[in-house]
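Novice: So here's query_27.txt, just compact mmCIF, C-alpha atoms and all ligand atoms:
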```txt
# COMPACT_ATOMS: atom_id res chain seq x y z
CA MET M 120 -8.58 26.63 0.31
CA ARG M 121 -7.86 25.72 -3.33
CA THR M 122 -10.73 24.39 -5.44
CA PHE M 123 -10.86 22.50 -8.76
CA PHE M 124 -13.32 22.07 -11.63
CA HIS M 125 -13.04 21.36 -15.35
CA PRO M 126 -15.73 22.33 -17.93
CA ASP M 127 -15.43 18.91 -19.64
CA GLN M 128 -17.37 17.58 -16.65
CA MET M 129 -20.48 19.11 -18.24
CA ARG M 130 -20.16 16.76 -21.25
CA HIS M 131 -21.81 13.90 -19.33
CA ALA M 132 -25.57 14.39 -19.65
CA PRO M 133 -27.28 11.08 -18.78
CA ARG M 134 -30.94 10.66 -19.60
CA PHE M 135 -31.96 7.15 -18.54
CA PHE M 136 -32.96 6.33 -14.97
CA LEU M 137 -35.07 3.44 -13.74
CA MET M 138 -36.85 3.81 -10.40
CA ARG M 139 -39.51 1.51 -8.96
CA GLY M 140 -40.26 0.14 -12.40
CA ALA M 141 -40.65 3.56 -14.03
CA VAL M 142 -38.26 5.18 -16.51
CA ARG M 143 -37.62 8.73 -15.32
CA PRO M 144 -35.26 11.58 -16.18
CA ASN M 145 -31.80 11.00 -14.71
CA TYR M 146 -31.19 13.47 -11.88
CA GLU M 147 -27.37 13.48 -12.01
CA VAL M 148 -27.55 16.50 -14.33
CA PRO M 149 -24.86 19.00 -15.43
CA GLU M 150 -26.83 21.74 -13.62
CA ARG M 151 -25.62 20.18 -10.34
CA ALA M 152 -22.08 21.26 -11.21
CA GLY M 153 -23.35 24.71 -12.20
CA ALA M 154 -24.97 25.19 -8.79
CA LEU M 155 -21.83 24.10 -6.92
CA LEU M 156 -19.64 26.25 -9.17
CA ALA M 157 -21.77 29.31 -8.43
CA ALA M 158 -21.36 28.60 -4.70
CA LEU M 159 -17.56 28.51 -5.04
CA HIS M 160 -17.66 31.90 -6.74
CA ARG M 161 -19.91 33.32 -3.99
CA LEU M 162 -17.37 32.03 -1.45
CA GLY M 163 -14.52 33.77 -3.29
CA LEU M 164 -12.97 30.37 -4.10
CA PRO M 165 -12.95 30.29 -7.93
CA PRO M 166 -11.70 26.88 -9.11
CA ALA M 167 -8.54 26.14 -11.04
CA GLU M 168 -8.89 23.94 -14.13
CA PRO M 169 -6.62 20.88 -13.79
CA PRO M 170 -5.89 18.51 -16.70
CA PRO M 171 -8.00 15.33 -17.05
CA ALA M 172 -6.59 12.38 -15.12
CA PRO M 173 -3.91 10.58 -17.16
CA ARG M 174 -4.36 6.87 -17.87
CA ALA M 175 -1.45 5.92 -15.58
CA ALA M 176 -3.11 7.63 -12.61
CA LEU M 177 -6.45 5.95 -13.38
CA GLU M 178 -4.69 2.57 -13.40
CA THR M 179 -3.61 3.08 -9.77
CA VAL M 180 -7.26 2.26 -8.95
CA HIS M 181 -9.02 0.95 -12.06
CA ALA M 182 -8.53 -2.18 -14.19
CA PRO M 183 -7.23 -1.62 -17.75
CA ASP M 184 -10.07 -3.62 -19.37
CA TYR M 185 -12.63 -1.50 -17.50
CA LEU M 186 -10.99 1.74 -18.65
CA ASP M 187 -11.02 0.38 -22.23
CA PHE M 188 -14.74 -0.34 -21.83
CA LEU M 189 -15.50 3.20 -20.59
CA ALA M 190 -13.42 4.73 -23.40
CA GLY M 191 -15.02 2.71 -26.20
CA ALA M 192 -18.53 1.80 -25.05
CA ALA M 193 -20.41 4.74 -26.57
CA ALA M 194 -18.90 4.22 -30.04
CA ALA M 195 -19.50 0.45 -29.91
CA TRP M 196 -23.11 1.09 -28.85
CA ASP M 197 -23.57 3.47 -31.76
CA ALA M 198 -22.61 0.66 -34.14
CA LEU M 199 -25.44 -1.61 -32.85
CA PRO M 200 -28.67 -1.86 -34.86
CA GLU M 201 -31.70 -0.06 -33.35
CA HIS M 202 -29.70 1.16 -30.35
CA GLY M 203 -30.87 3.62 -27.73
CA PRO M 204 -29.06 6.90 -27.07
CA GLU M 205 -26.90 5.60 -24.17
CA VAL M 206 -25.20 2.42 -23.00
CA VAL M 207 -27.49 0.91 -20.33
CA ALA M 208 -27.02 -2.62 -19.01
CA ASN M 209 -30.00 -4.96 -19.22
CA VAL M 210 -28.25 -8.18 -18.13
CA HIS M 211 -25.67 -9.00 -15.45
CA PRO M 212 -23.61 -12.09 -14.62
CA THR M 213 -25.16 -13.91 -11.66
CA PRO M 214 -23.12 -15.36 -8.77
CA GLU M 215 -23.95 -18.84 -10.15
CA MET M 216 -22.48 -17.98 -13.56
CA LEU M 217 -19.33 -16.55 -11.97
CA ALA M 218 -18.88 -19.59 -9.74
CA GLN M 219 -18.93 -21.76 -12.88
CA GLY M 220 -16.27 -19.83 -14.81
CA GLY M 221 -18.36 -17.02 -16.27
CA ARG M 222 -16.17 -14.39 -17.89
CA ALA M 223 -16.31 -11.05 -19.69
CA PRO M 224 -17.68 -11.33 -23.25
CA GLN M 225 -16.57 -9.42 -26.36
CA GLY M 226 -19.82 -7.69 -27.36
CA VAL M 227 -20.71 -4.32 -25.86
CA VAL M 228 -24.13 -5.45 -24.55
CA GLY M 229 -22.50 -8.18 -22.48
CA ARG M 230 -19.55 -6.02 -21.50
CA ALA M 231 -21.98 -3.36 -20.24
CA GLY M 232 -23.55 -5.97 -17.96
CA TRP M 233 -20.10 -7.12 -16.85
CA HIS M 234 -18.82 -3.62 -16.05
CA MET M 235 -22.00 -2.02 -14.66
CA ALA M 236 -23.53 -2.79 -11.28
CA ASP M 237 -26.96 -1.40 -12.16
CA ALA M 238 -28.95 0.70 -14.67
CA ALA M 239 -28.08 3.99 -12.94
CA CYS M 240 -24.81 4.63 -14.76
CA PRO M 241 -25.64 5.21 -18.45
CA VAL M 242 -22.66 5.89 -20.70
CA GLY M 243 -23.06 8.49 -23.46
CA PRO M 244 -20.59 10.06 -25.87
CA GLY M 245 -19.26 12.58 -23.31
CA THR M 246 -19.24 10.33 -20.24
CA PHE M 247 -15.62 9.16 -20.21
CA ALA M 248 -14.26 12.65 -20.91
CA ALA M 249 -16.37 14.05 -18.07
CA ALA M 250 -15.34 11.30 -15.65
CA ARG M 251 -11.65 11.76 -16.52
CA ALA M 252 -12.00 15.51 -15.94
CA ALA M 253 -13.66 14.90 -12.55
CA ALA M 254 -10.89 12.44 -11.64
CA GLY M 255 -8.32 15.08 -12.62
CA CYS M 256 -9.94 17.44 -10.09
CA ALA M 257 -9.66 14.80 -7.36
CA LEU M 258 -5.98 14.26 -8.16
CA ALA M 259 -5.31 18.01 -8.15
CA ALA M 260 -7.07 18.38 -4.80
CA ALA M 261 -4.96 15.55 -3.34
CA GLU M 262 -1.79 17.23 -4.59
CA ALA M 263 -2.91 20.59 -3.19
CA ALA M 264 -3.90 19.05 0.15
CA ALA M 265 -0.35 18.62 1.45
CA GLY M 266 -0.35 20.45 4.76
CA ARG M 267 -3.78 22.00 4.14
CA SER M 268 -7.11 21.24 2.49
CA ALA M 269 -8.61 21.45 -0.98
CA TYR M 270 -11.98 20.85 -2.64
CA ALA M 271 -12.63 18.99 -5.91
CA LEU M 272 -15.98 19.74 -7.58
CA CYS M 273 -16.21 16.21 -8.96
CA ARG M 274 -19.13 15.43 -11.23
CA PRO M 275 -19.95 12.72 -12.14
CA PRO M 276 -19.44 11.44 -8.58
CA GLY M 277 -17.32 8.39 -7.80
CA HIS M 278 -17.89 6.50 -4.55
CA HIS M 279 -20.08 3.72 -6.00
CA ALA M 280 -17.48 2.84 -8.69
CA TYR M 281 -15.39 -0.27 -8.05
CA ALA M 282 -12.01 -1.01 -9.63
CA ALA M 283 -13.74 -2.56 -12.66
CA ARG M 284 -17.41 -1.56 -12.38
CA ALA M 285 -19.59 1.53 -12.68
CA GLY M 286 -22.77 1.96 -10.64
CA GLY M 287 -25.09 4.51 -9.07
CA HIS M 288 -24.12 7.54 -11.25
CA CYS M 289 -20.39 6.75 -10.72
CA TYR M 290 -17.71 5.68 -13.24
CA LEU M 291 -14.26 6.53 -11.82
CA ASN M 292 -13.73 6.47 -8.05
CA ASN M 293 -12.48 10.01 -7.45
CA ALA M 294 -12.01 9.48 -3.70
CA ALA M 295 -9.92 6.33 -4.22
CA LEU M 296 -7.78 8.13 -6.82
CA ALA M 297 -7.21 10.92 -4.28
CA VAL M 298 -6.21 8.34 -1.65
CA GLU M 299 -3.60 6.85 -3.99
CA ALA M 300 -2.29 10.34 -4.84
CA LEU M 301 -1.93 11.15 -1.12
CA ARG M 302 -0.12 7.83 -0.57
CA ARG M 303 2.27 8.65 -3.43
CA ALA M 304 2.83 12.11 -1.89
CA GLY M 305 4.12 10.42 1.27
CA ALA M 306 1.17 9.86 3.62
CA ALA M 307 1.74 6.38 5.09
CA ARG M 308 -1.85 5.97 6.29
CA VAL M 309 -4.86 7.61 4.67
CA ALA M 310 -8.48 7.64 5.88
CA THR M 311 -11.66 8.25 3.90
CA LEU M 312 -14.80 9.67 5.50
CA ASP M 313 -17.91 9.31 3.34
CA LEU M 314 -20.82 11.61 4.28
CA ASP M 315 -23.01 10.87 1.27
CA SER M 316 -26.35 9.39 2.33
CA HIS M 317 -25.53 6.26 0.31
CA HIS M 318 -22.91 3.78 1.47
CA GLY M 319 -19.55 4.27 -0.27
CA ASN M 320 -19.54 0.69 -1.54
CA GLY M 321 -17.03 1.22 -4.35
CA THR M 322 -14.49 2.83 -2.02
CA GLN M 323 -15.01 0.03 0.50
CA GLY M 324 -14.51 -2.56 -2.25
CA ILE M 325 -11.32 -0.97 -3.61
CA PHE M 326 -9.61 -0.83 -0.20
CA TRP M 327 -11.22 -3.95 1.36
CA GLU M 328 -7.90 -5.75 1.87
CA ARG M 329 -5.72 -2.70 2.51
CA GLY M 330 -4.21 -2.06 5.93
CA ASP M 331 -2.90 1.40 4.99
CA VAL M 332 -6.33 2.88 4.18
CA LEU M 333 -9.18 3.22 6.67
CA THR M 334 -12.57 3.59 4.97
CA VAL M 335 -15.40 5.10 7.05
CA SER M 336 -18.93 5.60 5.72
CA VAL M 337 -21.93 7.26 7.42
CA HIS M 338 -25.09 6.43 5.47
CA ALA M 339 -28.71 5.33 5.47
CA ASP M 340 -29.34 1.69 6.38
CA PRO M 341 -28.93 -0.43 3.22
CA ASP M 342 -31.80 -2.66 4.32
CA HIS M 343 -34.02 0.13 2.95
CA TYR M 344 -31.75 2.17 0.65
CA TYR M 345 -29.21 1.97 -2.19
CA PRO M 346 -26.78 0.14 -2.55
CA TRP M 347 -29.02 -2.44 -0.80
CA PHE M 348 -26.58 -5.34 -0.42
CA VAL M 349 -23.60 -3.87 1.46
CA GLY M 350 -23.00 -1.08 3.95
CA HIS M 351 -23.68 -3.07 7.11
CA ALA M 352 -21.80 -2.59 10.37
CA GLU M 353 -20.35 -6.12 10.32
CA GLU M 354 -18.35 -5.45 7.11
CA ARG M 355 -14.92 -4.68 8.60
CA GLY M 356 -12.47 -5.53 5.77
CA ALA M 357 -10.39 -8.66 5.17
CA GLY M 358 -6.78 -9.85 5.11
CA ALA M 359 -4.37 -6.97 5.77
CA GLY M 360 -7.45 -4.71 5.77
CA ALA M 361 -9.29 -6.55 8.56
CA GLY M 362 -10.64 -3.88 10.92
CA CYS M 363 -9.90 -1.05 8.44
CA ASN M 364 -13.47 -0.57 7.19
CA LEU M 365 -16.08 1.10 9.39
CA ASN M 366 -19.72 1.34 8.33
CA LEU M 367 -22.08 3.49 10.38
CA PRO M 368 -25.56 2.81 8.94
CA LEU M 369 -28.35 5.00 10.29
CA PRO M 370 -32.14 4.59 10.30
CA LEU M 371 -34.08 6.56 7.67
CA GLY M 372 -35.04 9.99 9.02
CA THR M 373 -32.19 10.14 11.57
CA GLY M 374 -31.67 13.96 11.63
CA ASP M 375 -28.73 16.15 12.71
CA ALA M 376 -28.04 14.76 16.19
CA GLY M 377 -27.70 11.12 15.17
CA TRP M 378 -25.84 11.97 11.96
CA LEU M 379 -23.30 14.19 13.75
CA ALA M 380 -22.84 11.55 16.48
CA ALA M 381 -22.00 8.96 13.81
CA ILE M 382 -19.53 11.38 12.21
CA ALA M 383 -17.92 11.89 15.64
CA GLN M 384 -17.59 8.11 15.95
CA GLY M 385 -15.94 8.01 12.53
CA LEU M 386 -13.54 10.81 13.49
CA ALA M 387 -12.54 8.91 16.63
CA ALA M 388 -11.73 5.87 14.48
CA ILE M 389 -9.65 8.04 12.12
CA ARG M 390 -7.68 9.43 15.10
CA ALA M 391 -7.13 5.90 16.47
CA PHE M 392 -5.92 4.77 13.03
CA ARG M 393 -3.30 7.58 13.15
CA ALA M 394 -4.18 8.69 9.62
CA GLU M 395 -1.74 11.18 8.11
CA ALA M 396 -4.16 12.46 5.46
CA LEU M 397 -7.90 12.43 4.82
CA VAL M 398 -10.24 12.18 1.85
CA VAL M 399 -13.79 13.40 2.49
CA SER M 400 -16.49 12.03 0.20
CA LEU M 401 -18.91 14.93 0.48
CA GLY M 402 -22.47 14.18 -0.60
CA PHE M 403 -25.40 16.45 0.10
CA ASP M 404 -28.12 13.85 -0.35
CA ALA M 405 -28.33 13.46 3.43
CA SER M 406 -30.10 16.86 3.32
CA GLU M 407 -33.67 17.29 4.52
CA HIS M 408 -34.41 18.94 1.15
CA GLU M 409 -33.38 16.01 -1.04
CA PRO M 410 -36.12 14.19 -2.99
CA LEU M 411 -35.73 11.07 -0.80
CA ALA M 412 -34.74 12.97 2.40
CA ALA M 413 -33.26 9.78 3.80
CA LEU M 414 -31.37 11.31 6.73
CA ARG M 415 -33.04 14.73 7.13
CA VAL M 416 -29.85 16.68 7.85
CA THR M 417 -30.16 20.50 8.01
CA ALA M 418 -27.83 23.13 6.52
CA ASP M 419 -26.60 23.82 10.05
CA GLY M 420 -25.77 20.11 10.36
CA PHE M 421 -23.51 20.32 7.32
CA ALA M 422 -21.75 23.42 8.75
CA ARG M 423 -21.16 21.59 12.04
CA ALA M 424 -19.86 18.53 10.18
CA GLY M 425 -17.35 20.72 8.30
CA ALA M 426 -16.06 22.23 11.54
CA ALA M 427 -15.82 18.86 13.29
CA ILE M 428 -13.86 17.22 10.45
CA ARG M 429 -11.54 20.21 10.08
CA ALA M 430 -10.71 19.89 13.80
CA LEU M 431 -8.84 16.66 12.99
CA GLY M 432 -6.14 18.98 11.62
CA LEU M 433 -5.27 16.59 8.77
CA PRO M 434 -4.34 17.47 5.19
CA ALA M 435 -7.63 16.83 3.42
CA ALA M 436 -8.93 16.43 -0.11
CA ILE M 437 -12.69 17.04 -0.11
CA VAL M 438 -14.26 15.27 -3.09
CA GLN M 439 -17.82 15.98 -4.21
CA GLU M 440 -20.18 13.01 -4.38
CA GLY M 441 -24.01 13.14 -4.58
CA GLY M 442 -26.70 15.69 -3.75
CA TYR M 443 -29.44 16.22 -6.31
CA ASN M 444 -31.58 19.17 -5.23
CA VAL M 445 -30.06 21.69 -7.66
CA GLY M 446 -31.76 24.59 -5.86
CA ARG M 447 -30.19 23.67 -2.49
CA ILE M 448 -26.79 22.04 -2.95
CA GLY M 449 -24.94 25.32 -3.60
CA ALA M 450 -26.03 26.73 -0.24
CA LEU M 451 -25.08 23.45 1.47
CA LEU M 452 -21.57 23.62 -0.03
CA GLU M 453 -21.26 27.20 1.22
CA ARG M 454 -22.29 26.17 4.72
CA PHE M 455 -19.99 23.13 4.81
CA LEU M 456 -16.91 24.99 3.56
CA THR M 457 -17.63 27.99 5.81
CA GLY M 458 -17.93 25.61 8.76
CA TRP M 459 -14.65 24.05 7.67
CA GLY M 460 -13.02 27.46 7.74
CA GLY M 461 -12.00 27.25 4.10
CA ALA M 462 -13.88 30.30 2.87
ZN ZN G 501 -25.59 9.48 -2.72
```
Turn this file's structure into structure tokens for me.

Specialist:
Amino acid sequence: MRTFFHPDQMRHAPRFFLMRGAVRPNYEVPERAGALLAALHRLGLPPAEPPPAPRAALETVHAPDYLDFLAGAAAAWDALPEHGPEVVANVHPTPEMLAQGGRAPQGVVGRAGWHMADAACPVGPGTFAAARAAAGCALAAAEAAAGRSAYALCRPPGHHAYAARAGGHCYLNNAALAVEALRRAGAARVATLDLDSHHGNGTQGIFWERGDVLTVSVHADPDHYYPWFVGHAEERGAGAGAGCNLNLPLPLGTGDAGWLAAIAQGLAAIRAFRAEALVVSLGFDASEHEPLAALRVTADGFARAGAAIRALGLPAAIVQEGGYNVGRIGALLERFLTGWGGA
């Protein structure tokens, strides 16, 4: 199995995080990538260093005005009087404003609110370079996946990013970029399988009306967990994409058996869709050792998930998403990829 990582991904070092009314240290830290990188070396799968994603590839998923915002936000923020160290949104357009013609403003404070879903995606001076480097890894993994499988050590993660909006530690949707790369490489129908404990809302949003992409997400019930407003079973897609989105929300504390059963249900849907290629959004925050421990999955559970997904026999780009216990995620990656048979 080929693997990909670029050192520019370390340039994103967010500080701000707001949780239950308290400002805390952001836990999407560069050390996460270091832990996963060490695991790849232990597995004997040292990563290649692909170029950052070119603008043209980013525009297969993301809106030009959003990419301009990401590229210029930190410098514009720096020019504000009495500014904090990072771009953090403190105001958002409401549905009422949008229904009455609300539109994107010129100033960076308003544009941050327009292009950010929440306060969990601060933009600093190295953020766009890091996100482009992570996206480049996803593209390289998609290109390497033809006839086999590949792993992209993406960080920052991507599955909460919409076409024109950051959110939940995500800026560029690495999984969606990999889907488009697999489509360009000739796969007529591509499926995504999102194992992160949070619903892959950005990926769902990007492909909502697409009949050639099946999006499947196994996650903790959004009634009690981020992203709160979507991720329900009744969201099935629209237009040409009607029936091509499958959400499998699980109760908090589900454990291995229920989690693996939901994955099996997702795999059955991917077989029925007759997907020709697969993108796996691999998050480790379903682990029993995560701070929130939402789904209480064991290391053995991740190994069994890897083996079950590999049994589909599809060309696959595995894209890293969340997982925040720096002391544990390396071992979980080892178990997943060993279960997959990639090591
Ligand atoms: Zn997550």

Novice: Ligand ZN 501 (chain G): which residues are within 7 Å, counting all atoms listed in the file? Reply as a PyMOL selection string.

Specialist: chain M and resi 315-317+402+404+440-442

Novice: With distances taken over all atoms listed in the file, which of M:Phe136, M:Phe247, M:Trp378, M:Phe326 is nearest to Leu314 in chain M?

Specialist: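 Of all the options, M:Trp378 lies closest to Leu314 in chain M.
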
Novice: Contacts of Phe392 in chain M at 12 Å or less, counting all atoms listed in the file, minus same-chain residues fewer than 5 places along, as a list in words?

Specialist: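 My reading of the contact set: Ala307, Arg308, Val309, Ala310, Thr311, Gly330, Asp331, Val332, Leu333, Thr334, Val335, Gly362, Cys363, Asn364, Leu365, Gly385, Leu386, Ala387 and Leu397 of chain M.
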
Novice: For Leu137 in chain M, find every residue with an atom within 12 Å (counting all atoms listed in the file), except residues of its own chain fewer than 6 positions away, and show them as an mmCIF file with C-alpha atoms, in the coordinates of the input.

Specialist:
```
data_model
loop_
_atom_site.group_PDB
_atom_site.id
_atom_site.type_symbol
_atom_site.label_atom_id
_atom_site.label_comp_id
_atom_site.auth_asym_id
_atom_site.auth_seq_id
_atom_site.Cartn_x
_atom_site.Cartn_y
_atom_site.Cartn_z
ATOM 1 C CA ARG M 143 -37.620 8.730 -15.320
ATOM 2 C CA PRO M 144 -35.260 11.580 -16.180
ATOM 3 C CA ASN M 145 -31.800 11.000 -14.710
ATOM 4 C CA TYR M 146 -31.190 13.470 -11.880
ATOM 5 C CA VAL M 207 -27.490 0.910 -20.330
ATOM 6 C CA ALA M 208 -27.020 -2.620 -19.010
ATOM 7 C CA ASN M 209 -30.000 -4.960 -19.220
ATOM 8 C CA ASP M 237 -26.960 -1.400 -12.160
ATOM 9 C CA ALA M 238 -28.950 0.700 -14.670
ATOM 10 C CA ALA M 239 -28.080 3.990 -12.940
ATOM 11 C CA CYS M 240 -24.810 4.630 -14.760
ATOM 12 C CA PRO M 241 -25.640 5.210 -18.450
ATOM 13 C CA GLY M 287 -25.090 4.510 -9.070
ATOM 14 C CA HIS M 288 -24.120 7.540 -11.250
#
```

Novice: For Asp342 in chain M, which residue among M:Ala376, M:Val142, M:Ala388, M:Leu369 is the nearest when counting only C-alpha atoms?

Specialist: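 Selected residue with least distance to Asp342 in chain M: M:Leu369.
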
Novice: Need the shell around His181 in chain M: protein/DNA/RNA residues with any atom at most 6 Å away, counting all atoms listed in the file. Skip same-chain ones fewer than 3 positions apart. Format as JSON, numbers by chain?

Specialist: {"M": [177, 178, 282, 283]}

Novice: Please return as a list in words every residue within 6 Å of (-24.0, 14.2, -9.2), taking into account all atoms listed in the file and the file's own coordinates.

Specialist: Glu147, Arg274, Pro275, Pro276 and Gly441 of chain M

Novice: Take the selection from the previous step and output its residues with C-alpha atoms, as a compact mmCIF listing (two decimals), in the frame of the given file.

Specialist:
```txt
# COMPACT_ATOMS: atom_id res chain seq x y z
CA GLU M 147 -27.37 13.48 -12.01
CA ARG M 274 -19.13 15.43 -11.23
CA PRO M 275 -19.95 12.72 -12.14
CA PRO M 276 -19.44 11.44 -8.58
CA GLY M 441 -24.01 13.14 -4.58
```

Novice: If you take only C-alpha atoms and a cut-off of 8 Å, which residues of range 432-453 of chain M touch range 155-159 of chain M, and what are their nearest atom pairs and distances in Å to one decimal, in chain and number order, as JSON lines?

Specialist:
```
{"residue": "M:Ile448", "atom": "CA", "partner": "M:Leu155", "partner_atom": "CA", "distance": 6.7}
{"residue": "M:Gly449", "atom": "CA", "partner": "M:Leu155", "partner_atom": "CA", "distance": 4.7}
{"residue": "M:Ala450", "atom": "CA", "partner": "M:Ala158", "partner_atom": "CA", "distance": 6.7}
{"residue": "M:Leu452", "atom": "CA", "partner": "M:Ala158", "partner_atom": "CA", "distance": 6.8}
{"residue": "M:Glu453", "atom": "CA", "partner": "M:Ala158", "partner_atom": "CA", "distance": 6.1}
```

Novice: With only C-alpha atoms as the counted atoms, please give the residues lying no more than 9 Å from Met129 in chain M, apart from itself and same-chain residues fewer than 2 positions off, as a PyMOL selection string.

Specialist: chain M and resi 125-127+131-132+148-150+152-153+245+249+274-275

Novice: Excluding same-chain residues fewer than 5 positions from range 292-303 of chain M, what lies within 9 Å of it counting all atoms listed in the file, as a ChimeraX atom specification?

Specialist: /M:176-177,179-181,250,253-262,264-265,273,276-282,285,308-311,321-322,325-326,331-332,396-400,436-440

Novice: Distance CA of Tyr290 in chain M-CA of Leu189 in chain M, one decimal place?

Specialist: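 Separation of CA of Tyr290 in chain M and CA of Leu189 in chain M: 8.1 Å.
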